[in-house]
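What follows is the content of target_21.cif, which has mmCIF, C-alpha atoms:
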data_model
#
loop_
_atom_site.label_atom_id
_atom_site.label_comp_id
_atom_site.auth_asym_id
_atom_site.auth_seq_id
_atom_site.Cartn_x
_atom_site.Cartn_y
_atom_site.Cartn_z
CA MET A 133 4.67 -5.72 1.53
CA LEU A 134 6.08 -6.74 4.87
CA HIS A 135 9.08 -4.49 4.33
CA ALA A 136 6.97 -1.44 5.11
CA LEU A 137 6.43 -2.73 8.64
CA ALA A 138 10.07 -2.06 9.51
CA ILE A 139 9.52 1.63 8.81
CA LEU A 140 6.24 1.70 10.70
CA TYR A 141 7.78 -0.01 13.74
CA ALA A 142 10.79 2.31 13.67
CA ARG A 143 8.42 5.29 13.74
CA TRP A 144 6.50 3.80 16.63
CA LYS A 145 9.30 2.37 18.76
CA LEU A 146 12.46 4.36 18.16
CA PRO A 147 13.48 5.98 21.44
CA GLU A 148 13.13 9.75 21.53
CA ALA A 149 16.88 10.15 21.91
CA ALA A 150 17.40 8.34 18.58
CA LYS A 151 14.65 10.11 16.57
CA GLU A 152 17.23 12.24 14.77
CA HIS A 153 18.33 9.04 12.98
CA LEU A 154 14.83 8.17 11.75
CA PRO A 155 15.12 9.86 8.31
CA GLU A 156 18.34 7.96 7.58
CA MET A 157 16.77 4.69 8.75
CA GLU A 158 13.66 5.26 6.64
CA SER A 159 15.77 6.07 3.61
CA SER A 160 17.69 2.81 3.99
CA LEU A 161 14.60 0.73 4.66
CA SER A 162 12.61 2.29 1.81
CA THR A 163 14.68 0.45 -0.81
CA ASN A 164 12.91 -2.82 -0.01
CA VAL A 165 9.46 -1.20 0.02
CA GLN A 166 10.13 0.40 -3.35
CA ASN A 167 11.37 -2.90 -4.74
CA ASP A 168 8.09 -4.49 -3.63
CA LEU A 169 6.06 -1.71 -5.22
CA ASN A 170 8.16 -1.91 -8.39
CA TRP A 171 7.38 -5.63 -8.58
CA LEU A 172 3.66 -4.95 -8.28
CA GLU A 173 3.88 -2.12 -10.81
CA GLY A 174 5.63 -4.42 -13.29
CA THR A 175 3.07 -7.17 -12.74
CA LEU A 176 0.20 -4.76 -13.33
CA LYS A 177 1.87 -3.35 -16.46
CA GLU A 178 2.28 -6.86 -17.85
CA GLN A 179 -1.34 -7.64 -17.04
CA LYS A 180 -2.42 -4.42 -18.76
CA LYS A 181 -0.52 -5.44 -21.92
CA ASN A 182 -2.63 -8.60 -21.90
CA GLY A 183 -5.87 -6.62 -21.48
CA LYS A 184 -6.24 -7.45 -17.79
CA GLU A 185 -6.78 -5.04 -14.90
CA TYR A 186 -5.96 -7.13 -11.87
CA ILE A 187 -2.91 -8.86 -10.39
CA VAL A 188 -3.62 -12.42 -11.49
CA GLY A 189 -6.48 -12.61 -13.94
CA ASP A 190 -9.33 -11.04 -15.80
CA GLY A 191 -11.20 -10.12 -12.64
CA LEU A 192 -10.70 -9.49 -8.98
CA THR A 193 -9.12 -12.42 -7.13
CA VAL A 194 -7.97 -13.11 -3.60
CA ALA A 195 -4.55 -11.76 -4.65
CA ASP A 196 -6.07 -8.32 -5.17
CA VAL A 197 -8.06 -8.49 -1.95
CA MET A 198 -5.00 -9.52 0.05
CA MET A 199 -2.82 -6.77 -1.42
CA GLN A 200 -5.34 -3.92 -1.33
CA PHE A 201 -5.12 -3.06 2.35
CA SER A 202 -1.32 -3.27 2.47
CA ILE A 203 -0.91 -0.99 -0.53
CA GLU A 204 -3.51 1.48 0.73
CA PHE A 205 -1.79 1.56 4.13
CA ILE A 206 1.68 2.01 2.61
CA PHE A 207 0.55 4.90 0.39
CA THR A 208 -1.52 6.56 3.12
CA ARG A 209 1.27 6.37 5.70
CA LYS A 210 3.96 7.12 3.10
CA LEU A 211 5.98 4.11 4.22
CA GLY A 212 9.07 4.09 2.02
CA THR A 213 7.40 5.75 -0.93
CA ALA A 214 9.35 9.02 -1.08
CA GLY A 215 10.62 9.70 -4.59
CA GLY A 216 8.73 6.82 -6.19
CA ASP A 217 5.83 6.75 -8.60
CA TRP A 218 3.61 3.76 -9.30
CA PRO A 219 0.79 4.90 -11.62
CA GLU A 220 -0.45 1.40 -12.51
CA THR A 221 -0.51 0.43 -8.85
CA LYS A 222 -2.43 3.57 -7.91
CA ALA A 223 -4.92 2.98 -10.74
CA TRP A 224 -5.34 -0.65 -9.66
CA LEU A 225 -5.93 0.43 -6.05
CA GLU A 226 -8.55 2.92 -7.19
CA ARG A 227 -10.30 0.22 -9.28
CA VAL A 228 -10.40 -2.18 -6.35
CA MET A 229 -11.72 0.50 -3.99
CA LYS A 230 -14.45 1.54 -6.45
CA ARG A 231 -15.93 -1.95 -6.63
CA PRO A 232 -19.44 -2.27 -5.16
CA ALA A 233 -18.40 -5.13 -2.85
CA TYR A 234 -15.55 -3.04 -1.43
CA LYS A 235 -17.84 -0.07 -0.89
CA LYS A 236 -20.42 -2.29 0.78
CA ALA A 237 -17.81 -3.78 3.12
CA VAL A 238 -16.54 -0.32 4.04
CA GLU A 239 -20.07 0.89 4.67
CA LYS A 240 -20.89 -2.12 6.82
CA SER A 241 -17.66 -1.96 8.84
CA SER A 242 -17.19 1.85 8.88
CA TYR A 243 -13.56 1.13 7.94
CA THR A 244 -11.47 4.06 6.79
CA LEU A 245 -7.93 5.35 7.12
CA ASP A 246 -7.31 8.99 7.84
CA SER A 247 -4.51 10.90 6.14
CA LYS A 248 -2.06 9.56 8.74
CA GLY A 249 -3.13 5.97 8.10
CA LYS A 250 -5.00 5.63 11.37
CA PHE A 251 -8.27 3.76 11.52
CA LYS A 252 -11.43 5.75 11.99
CA THR A 253 -14.85 4.27 12.68
#
So that I can check it, write out the structure of this file as structure tokens.
Amino acid sequence: MLHALAILYARWKLPEAAKEHLPEMESSLSTNVQNDLNWLEGTLKEQKKNGKEYIVGDGLTVADVMMQFSIEFIFTRKLGTAGGDWPETKAWLERVMKRPAYKKAVEKSSYTLDSKGKFKT
């Protein structure tokens, strides 16, 4: 999911005089983000066919934990997601975020992203 960082950095660092080019840049860069999300979507669909709900196995693994924040951040900040739809990925993200351990960690850390993908505590 590193491809989304290019869009984020462009939003942060592009000089004001070049901001008019940001939509074109994001459109070009979004191809890689969407390819990443398509890969995850396909993996989750294949897992679902095999009666599994997570990226690698029957239950939550480190793969899910490692991917959760990146995917949440990408969707919240809309980094390269325009025009795409990933229902299995969104359902997976919801499952991960509904887990008691996730909720406990959020409660303990006060972690949350606002609608712009900024951290709030």
Which polymer residues have any atom within 7 Å of an atom of region 176-181 of chain A, counting all atoms listed in the file, with same-chain residues fewer than 5 positions away left out, as a PyMOL selection string?
chain A and resi 186-187+220-221
Can you list what the PyMOL selection byres ((chain A and resi 135-144) around 10) grabs from this structure, as a PDB file with C-alpha atoms, in the frame of the given file?
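So the final result, stored in selection.pdb, reads:
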ATOM      1  CA  MET A 133       4.670  -5.720   1.530  1.00  0.00           C
ATOM      2  CA  LEU A 134       6.080  -6.740   4.870  1.00  0.00           C
ATOM      3  CA  LYS A 145       9.300   2.370  18.760  1.00  0.00           C
ATOM      4  CA  LEU A 146      12.460   4.360  18.160  1.00  0.00           C
ATOM      5  CA  PRO A 147      13.480   5.980  21.440  1.00  0.00           C
ATOM      6  CA  LYS A 151      14.650  10.110  16.570  1.00  0.00           C
ATOM      7  CA  LEU A 154      14.830   8.170  11.750  1.00  0.00           C
ATOM      8  CA  PRO A 155      15.120   9.860   8.310  1.00  0.00           C
ATOM      9  CA  MET A 157      16.770   4.690   8.750  1.00  0.00           C
ATOM     10  CA  GLU A 158      13.660   5.260   6.640  1.00  0.00           C
ATOM     11  CA  SER A 159      15.770   6.070   3.610  1.00  0.00           C
ATOM     12  CA  SER A 160      17.690   2.810   3.990  1.00  0.00           C
ATOM     13  CA  LEU A 161      14.600   0.730   4.660  1.00  0.00           C
ATOM     14  CA  SER A 162      12.610   2.290   1.810  1.00  0.00           C
ATOM     15  CA  THR A 163      14.680   0.450  -0.810  1.00  0.00           C
ATOM     16  CA  ASN A 164      12.910  -2.820  -0.010  1.00  0.00           C
ATOM     17  CA  VAL A 165       9.460  -1.200   0.020  1.00  0.00           C
ATOM     18  CA  GLN A 166      10.130   0.400  -3.350  1.00  0.00           C
ATOM     19  CA  ASN A 167      11.370  -2.900  -4.740  1.00  0.00           C
ATOM     20  CA  ASP A 168       8.090  -4.490  -3.630  1.00  0.00           C
ATOM     21  CA  SER A 202      -1.320  -3.270   2.470  1.00  0.00           C
ATOM     22  CA  ILE A 203      -0.910  -0.990  -0.530  1.00  0.00           C
ATOM     23  CA  PHE A 205      -1.790   1.560   4.130  1.00  0.00           C
ATOM     24  CA  ILE A 206       1.680   2.010   2.610  1.00  0.00           C
ATOM     25  CA  ARG A 209       1.270   6.370   5.700  1.00  0.00           C
ATOM     26  CA  LYS A 210       3.960   7.120   3.100  1.00  0.00           C
ATOM     27  CA  LEU A 211       5.980   4.110   4.220  1.00  0.00           C
ATOM     28  CA  GLY A 212       9.070   4.090   2.020  1.00  0.00           C
ATOM     29  CA  THR A 213       7.400   5.750  -0.930  1.00  0.00           C
TER      30      THR A 213
END
Written as number ranges by chain, what is the full residue list that the PyMOL selection byres ((chain A and resi 188) around 12) yields on the file shown?
A: 172, 175-180, 182-187, 189-199
Å distance separating CA of Arg231 (chain A) from CA of Asp217 (chain A), one decimal place
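Those two atoms sit 23.5 Å apart.
Atom to atom, CA of Leu245 (chain A) and CA of Ala214 (chain A) stand 19.5 Å apart.
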Work out how far apart CA of Arg227 (chain A) and CA of Gly215 (chain A) are and give it in Å to one decimal.
23.4 Å
Hey, which of A:Met229, A:Leu169, A:Glu156, A:Gly174 ends up closest to Phe207 (chain A)? Count only C-alpha atoms.
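The closest residue to Phe207 (chain A) is A:Leu169.
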Give the answer as one residue: which of A:Asn170, A:Ala237, A:Gln200, A:Tyr243 has the shortest atom-to-atom distance to Trp224 (chain A), using only C-alpha atoms?
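Between A:Asn170, A:Ala237, A:Gln200, A:Tyr243, the residue approaching Trp224 (chain A) most closely is A:Gln200.
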File output for region 227-238 of chain A (all heavy atoms) as a compact mmCIF listing (two decimals), in the first residue's frame:
# COMPACT_ATOMS: atom_id res chain seq x y z
N ARG A 227 -14.79 -6.03 9.62
CA ARG A 227 -14.63 -7.18 10.51
C ARG A 227 -13.46 -6.99 11.46
O ARG A 227 -13.55 -7.25 12.65
CB ARG A 227 -14.41 -8.47 9.72
CG ARG A 227 -15.63 -9.14 9.21
CD ARG A 227 -15.35 -10.54 8.71
NE ARG A 227 -14.37 -10.64 7.64
CZ ARG A 227 -14.62 -10.41 6.36
NH1 ARG A 227 -15.83 -10.04 5.96
NH2 ARG A 227 -13.66 -10.55 5.45
N VAL A 228 -12.34 -6.56 10.90
CA VAL A 228 -11.14 -6.35 11.72
C VAL A 228 -11.41 -5.30 12.78
O VAL A 228 -11.06 -5.47 13.96
CB VAL A 228 -9.93 -5.96 10.84
CG1 VAL A 228 -8.74 -5.55 11.70
CG2 VAL A 228 -9.55 -7.11 9.92
N MET A 229 -12.06 -4.21 12.40
CA MET A 229 -12.29 -3.10 13.32
C MET A 229 -13.38 -3.39 14.35
O MET A 229 -13.47 -2.69 15.36
CB MET A 229 -12.59 -1.83 12.53
CG MET A 229 -11.38 -1.38 11.71
SD MET A 229 -11.68 0.00 10.60
CE MET A 229 -11.82 1.33 11.79
N LYS A 230 -14.16 -4.43 14.13
CA LYS A 230 -15.19 -4.81 15.10
C LYS A 230 -14.67 -5.80 16.14
O LYS A 230 -15.36 -6.10 17.11
CB LYS A 230 -16.40 -5.42 14.39
CG LYS A 230 -17.28 -4.41 13.73
CD LYS A 230 -18.51 -5.08 13.14
CE LYS A 230 -19.45 -4.04 12.55
NZ LYS A 230 -20.63 -4.65 11.97
N ARG A 231 -13.48 -6.30 15.95
CA ARG A 231 -12.93 -7.29 16.88
C ARG A 231 -12.70 -6.66 18.25
O ARG A 231 -12.26 -5.51 18.35
CB ARG A 231 -11.65 -7.88 16.32
CG ARG A 231 -11.90 -8.71 15.05
CD ARG A 231 -10.64 -9.31 14.54
NE ARG A 231 -10.04 -10.23 15.49
CZ ARG A 231 -10.28 -11.54 15.53
NH1 ARG A 231 -11.12 -12.07 14.67
NH2 ARG A 231 -9.68 -12.30 16.42
N PRO A 232 -12.97 -7.41 19.31
CA PRO A 232 -12.78 -6.88 20.67
C PRO A 232 -11.36 -6.38 20.93
O PRO A 232 -11.19 -5.33 21.56
CB PRO A 232 -13.12 -8.07 21.57
CG PRO A 232 -14.05 -8.91 20.75
CD PRO A 232 -13.59 -8.75 19.33
N ALA A 233 -10.36 -7.08 20.44
CA ALA A 233 -8.98 -6.64 20.67
C ALA A 233 -8.70 -5.30 20.00
O ALA A 233 -8.01 -4.44 20.56
CB ALA A 233 -7.99 -7.70 20.17
N TYR A 234 -9.24 -5.10 18.80
CA TYR A 234 -9.07 -3.83 18.10
C TYR A 234 -9.75 -2.71 18.91
O TYR A 234 -9.17 -1.66 19.15
CB TYR A 234 -9.66 -3.90 16.69
CG TYR A 234 -9.60 -2.56 15.97
CD1 TYR A 234 -8.47 -2.19 15.27
CD2 TYR A 234 -10.67 -1.68 16.02
CE1 TYR A 234 -8.40 -0.97 14.62
CE2 TYR A 234 -10.61 -0.45 15.37
CZ TYR A 234 -9.48 -0.10 14.68
OH TYR A 234 -9.42 1.12 14.06
N LYS A 235 -10.98 -2.97 19.32
CA LYS A 235 -11.72 -1.96 20.08
C LYS A 235 -11.00 -1.62 21.38
O LYS A 235 -10.93 -0.45 21.77
CB LYS A 235 -13.14 -2.45 20.37
CG LYS A 235 -14.01 -2.49 19.14
CD LYS A 235 -15.39 -2.99 19.50
CE LYS A 235 -16.29 -3.05 18.29
NZ LYS A 235 -17.64 -3.48 18.63
N LYS A 236 -10.45 -2.63 22.04
CA LYS A 236 -9.72 -2.40 23.28
C LYS A 236 -8.47 -1.56 23.04
O LYS A 236 -8.17 -0.64 23.80
CB LYS A 236 -9.34 -3.74 23.92
CG LYS A 236 -8.72 -3.62 25.28
CD LYS A 236 -8.48 -4.99 25.88
CE LYS A 236 -7.87 -4.86 27.27
NZ LYS A 236 -7.66 -6.18 27.87
N ALA A 237 -7.75 -1.85 21.96
CA ALA A 237 -6.55 -1.07 21.63
C ALA A 237 -6.91 0.38 21.32
O ALA A 237 -6.22 1.30 21.74
CB ALA A 237 -5.83 -1.71 20.45
N VAL A 238 -8.00 0.58 20.58
CA VAL A 238 -8.43 1.94 20.26
C VAL A 238 -8.82 2.68 21.54
O VAL A 238 -8.45 3.84 21.74
CB VAL A 238 -9.61 1.92 19.25
CG1 VAL A 238 -10.25 3.29 19.12
CG2 VAL A 238 -9.12 1.43 17.89
